[in-house]
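Read through the structure below, which is laid out as structure tokens, and then see the notes.
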Number of protein chains: 2
Amino acid sequence: MSDTVEPDLPRGIALAWGIAADPQRGPKREMSVERIVEAAVAIADVEGLGAVSMAAVAARLGYTPMSLYRYVSAKDDLVLLMQEEATGLPPEPGDEAGGWRERLEELYRAQVLLYMRHPWVLDIPISGSPITPNSAAWMDAGLAALVGTSLSHDERLAVMLAITGQSRWCGSVLAGYARVARETGVDDASISQREDQLYRSLITGDAYPFLRDAIDAGVFVDDSDPFAYGLERFLDGVAAYIAQLEAGGAHAPSRGWVSDPDAELAADKRFRDARKSVRDAERALRDARKHERQAAREAAERLKRAGASG
Amino acid sequence: MSDTVEPDLPRGIALAWGIAADPQRGPKREMSVERIVEAAVAIADVEGLGAVSMAAVAARLGYTPMSLYRYVSAKDDLVLLMQEEATGLPPEPGDEAGGWRERLEELYRAQVLLYMRHPWVLDIPISGSPITPNSAAWMDAGLAALVGTSLSHDERLAVMLAITGQSRWCGSVLAGYARVARETGVDDASISQREDQLYRSLITGDAYPFLRDAIDAGVFVDDSDPFAYGLERFLDGVAAYIAQLEAGGAHAPSRGWVSDPDAELAADKRFRDARKSVRDAERALRDARKHERQAAREAAERLKRAGASG
DNA sequence: AACACACTGTTTACGCTGTATACAGTCATA
DNA sequence: TATGACTGTATACAGCGTAAACAGTGTGTT
């Protein structure tokens, strides 16, 4: 609980927590981290994370690409700050104080909405738990909803984790459709129609009898939300679990992680070998190219000299 | 149900279904799509999707980068085929025929294992439903597990979708830790320890009381699987729902998608404008640069000529 | 048998990416 | 007033995906 900041705290996280100190001397700064992040988010909202290049962000602000590096140490930092900006704070609980279930549903909907507004957030690769103020606030809000219950701390975390997972999954699928729609310039409706057609022509009853049945029943043209169904069943399960606890039942035994005993030992060595072989092959090719080029250059030189002297 | 292939079927999907015809004339092919995909997967397994470049794959096979384009029309195609290869087929049901619940748990575990072996699959952006043979097979297997139940087709799909979502979420988080471990060259244990430390120093009881409580209770050093808990509660909910149906209950009313009525109308116009402004800014900057350079070149030229004639 | 041409793997080239380095100009502090 | 930390800029480099042009290969047709 010391006040000294960890020396190897990732710069992006430090920035997110507002710990990074502003410099004192030198010319006045013309930009700010906030303006940069704002511009980057604006681009990502419209054209996706792929369109966010340092050059594009700088151009939008009227500066040169390299100028951004006076504010952000690398693109990864910028992306982390974008994520934090887009995540924002969870909504306050509604006035009519419902139970934990209503509140969790509210948080779920807010999260899905967030991903609809900023779909690119789901394209950011996860690296460990995101230790930023806003993501912590969402987690805190979820845990707060469950304080009245007799769930253990682990179980509360697991419940909130599941909510987040389901909203991300819903967001990913929706974003996928939106992406296709944008890239092909076609509206959503005709895409799902086209997809249904493709399914009907590729999924034969012979190879995929049950999937084919589902298609024939029209599951891919149905416009109800399957993710909402999943969420409700999950919350049903949690409610039943809580009721069972309050009737004097025991907590579920904690399960270990899914693991593949076969692979564990073999994997490490095998992967290390494979990695080495990749590197070797690349290096060999590069060297071969280099020698080849040098030989060609020397041959040309010799030819020229021979021509000049002869 | 015609046998004619859709003319605008994405080439990658056509390849995945083995519909693409082999050419007849010309020299014998030295490589094959399979070998290329295999090499790409091997690289991705070890160094992540980011390390899979056309050059790296080609080098691994001893060819030039451009040669790959005789087999695969673009990198996106290759990635789709990699996904298909890594996905593989779902495991056959175990001998002792359990109920739908055991089978779904089996499929869940298999999927998580898959993501542990090929974490990069989760880095591939989703675009619509993946209409490939192997992903269809997984879907089919999930639906097959539920045929005995009184769930509707929509509900069965929703259940399988939730299972897939949870396994992806679990895989994403695990892969995130693995990625950090690989990139920093530190083992998993000390990473989670370090993360716990960071949490303890950044998450104050003032700002995040409930999260802080959870941390103090040790939820981040606990090594039980929170995703398994989530899955079990979900399956509890599904079981209860089925029981209720079989007791003569009604199906849950289908819910519409989460939507933001405020934004819907405004968004389209706003985003279109923003997109235009980005493009304009970039074009302006590029033009300015070009003119500037040309002016500089002309000035230099003039100077030189003046010097030569004067 | 000879030609046409579809097809092979290669080379070269282009515009794009992130960012290291060097630079001249600016401004608070010693 | 001199110092030197700091600003935004310019240049450079390796790497990316891939379009276009190329000489060589082998099948099909004349």
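Letters A, B, ... go to the chains of the structure tokens in the order shown; residues in each chain start at 1; ligands are counted from 1 in the same order.
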Practice problem: From the DSSP assignment of the backbone, select every residue of range 93-271 of chain B that is alpha helix (DSSP H), and format the answer as an NGL selection string. | Solution: :B and (100-117 or 133-145 or 153-184 or 188-202 or 209-216 or 226-246 or 261-271)
Exercise. Would you list the contacts of range 15-30 of chain C as number ranges by chain, taking every protein, DNA or RNA residue within 8 Å and counting only C-alpha atoms (C1' of nucleotides), but skipping same-chain residues closer than 6 positions in sequence?
Key: A: 24-27, 53-54, 75; D: 3, 7, 10, 16
Prev. selection, C-alpha atoms (C1' of nucleotides), output as a compact mmCIF listing (two decimals), in the first residue's frame:
```txt
# COMPACT_ATOMS: atom_id res chain seq x y z
CA GLN A 24 7.77 21.48 -17.01
CA ARG A 25 10.29 22.98 -19.37
CA GLY A 26 10.31 23.48 -23.10
CA PRO A 27 7.73 24.86 -25.52
CA SER A 53 -2.84 4.21 -37.78
CA MET A 54 -0.57 6.77 -36.22
CA LYS A 75 0.60 2.45 -30.48
C1' DT D 3 21.81 25.73 -20.20
C1' DT D 7 8.70 20.66 -28.68
C1' DA D 10 12.00 15.25 -41.35
C1' DC D 16 3.76 -5.82 -44.42
```
With the cut-off set at 8 Å and counting only C-alpha atoms (C1' of nucleotides), tabulate each residue of chain D with an atom at most that distance from an atom of chain A, showing the nearest atom pair and its distance in Å to one decimal, ordered by chain and increasing number, as CSV.
```
residue,atom,partner,partner_atom,distance
D:DA5,C1',A:Arg25,CA,5.9
D:DC6,C1',A:Gly26,CA,4.1
D:DT7,C1',A:Pro27,CA,5.3
D:DG8,C1',A:Ser67,CA,5.7
D:DT9,C1',A:Thr64,CA,7.2
```
Quiz prompt | Pairwise distance for CA of Tyr71 in chain A and CA of Tyr115 in chain A, rounded to one decimal in Å | solution = 26.8 Å
Practice problem: Please identify every residue of chain C that has at least one atom no more than 10 Å from any atom of chain B, counting only C-alpha atoms (C1' of nucleotides), and report them as a list of chain:residue names. | Solution: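 Listing them in order of chain and number gives C:DC5, C:DA6, C:DC7, C:DT8, C:DG9, C:DT10, C:DT11.
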Go ahead and save the picked residues with C-alpha atoms (C1' of nucleotides), as an mmCIF file, in the first residue's frame.
```cif
data_model
loop_
_atom_site.group_PDB
_atom_site.id
_atom_site.type_symbol
_atom_site.label_atom_id
_atom_site.label_comp_id
_atom_site.auth_asym_id
_atom_site.auth_seq_id
_atom_site.Cartn_x
_atom_site.Cartn_y
_atom_site.Cartn_z
ATOM 1 C "C1'" DC C 5 -1.467 -20.737 -74.188
ATOM 2 C "C1'" DA C 6 -2.706 -21.846 -69.379
ATOM 3 C "C1'" DC C 7 -0.060 -22.200 -65.677
ATOM 4 C "C1'" DT C 8 4.249 -22.259 -62.722
ATOM 5 C "C1'" DG C 9 7.414 -19.847 -59.292
ATOM 6 C "C1'" DT C 10 10.229 -15.406 -59.321
ATOM 7 C "C1'" DT C 11 11.346 -10.638 -59.556
#
```
Quiz prompt | Shortest interatomic distance to chain A - which of B:Val46, B:Ala145, B:Leu89, B:Ala239, counting only C-alpha atoms | solution =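 Distance minimum relative to chain A lands on B:Val46.
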All residues 9 Å or closer to Thr132 in chain B, only C-alpha atoms (C1' of nucleotides), same chain fewer than 5 positions away omitted, as a compact mmCIF listing (two decimals) with N, CA and C atoms, in the first residue's frame:
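Just written: part27.txt:
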```txt
# COMPACT_ATOMS: atom_id res chain seq x y z
N LEU A 202 -25.24 -25.12 -48.76
CA LEU A 202 -24.02 -25.85 -48.35
C LEU A 202 -24.29 -26.91 -47.29
N ILE B 13 -14.09 -19.65 -48.65
CA ILE B 13 -15.12 -20.61 -48.27
C ILE B 13 -15.19 -21.73 -49.31
N ALA B 14 -15.08 -21.35 -50.57
CA ALA B 14 -15.09 -22.36 -51.62
C ALA B 14 -13.95 -23.35 -51.41
N ALA B 16 -12.47 -24.01 -48.61
CA ALA B 16 -12.73 -24.79 -47.40
C ALA B 16 -13.68 -25.96 -47.69
N TRP B 17 -14.60 -25.74 -48.61
CA TRP B 17 -15.53 -26.81 -48.95
C TRP B 17 -14.97 -27.70 -50.05
N LEU B 80 -8.71 -17.95 -42.99
CA LEU B 80 -9.94 -18.74 -42.88
C LEU B 80 -9.63 -20.23 -42.90
N GLU B 84 -10.19 -23.16 -40.06
CA GLU B 84 -10.88 -24.42 -40.34
C GLU B 84 -10.03 -25.61 -39.93
N ALA B 137 -19.94 -28.66 -38.28
CA ALA B 137 -19.96 -29.95 -37.58
C ALA B 137 -20.09 -29.76 -36.07
```
Exercise. Would you kindly return, as a PyMOL selection string, each protein, DNA or RNA residue with an atom no farther than 9 Å from any atom of Gly128 in chain B, considering only C-alpha atoms (C1' of nucleotides) and excluding same-chain residues fewer than 2 positions away?
Key: (chain A and resi 173-180+191-192+195) or (chain B and resi 126+130-131)
Self-check item: Minimum-distance residue to chain A, chosen among B:Arg194, B:Ser73, B:Ala59, B:Arg103 (using only C-alpha atoms)
Solution: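 Answer, going by the shortest atom-to-atom distance: B:Ala59.
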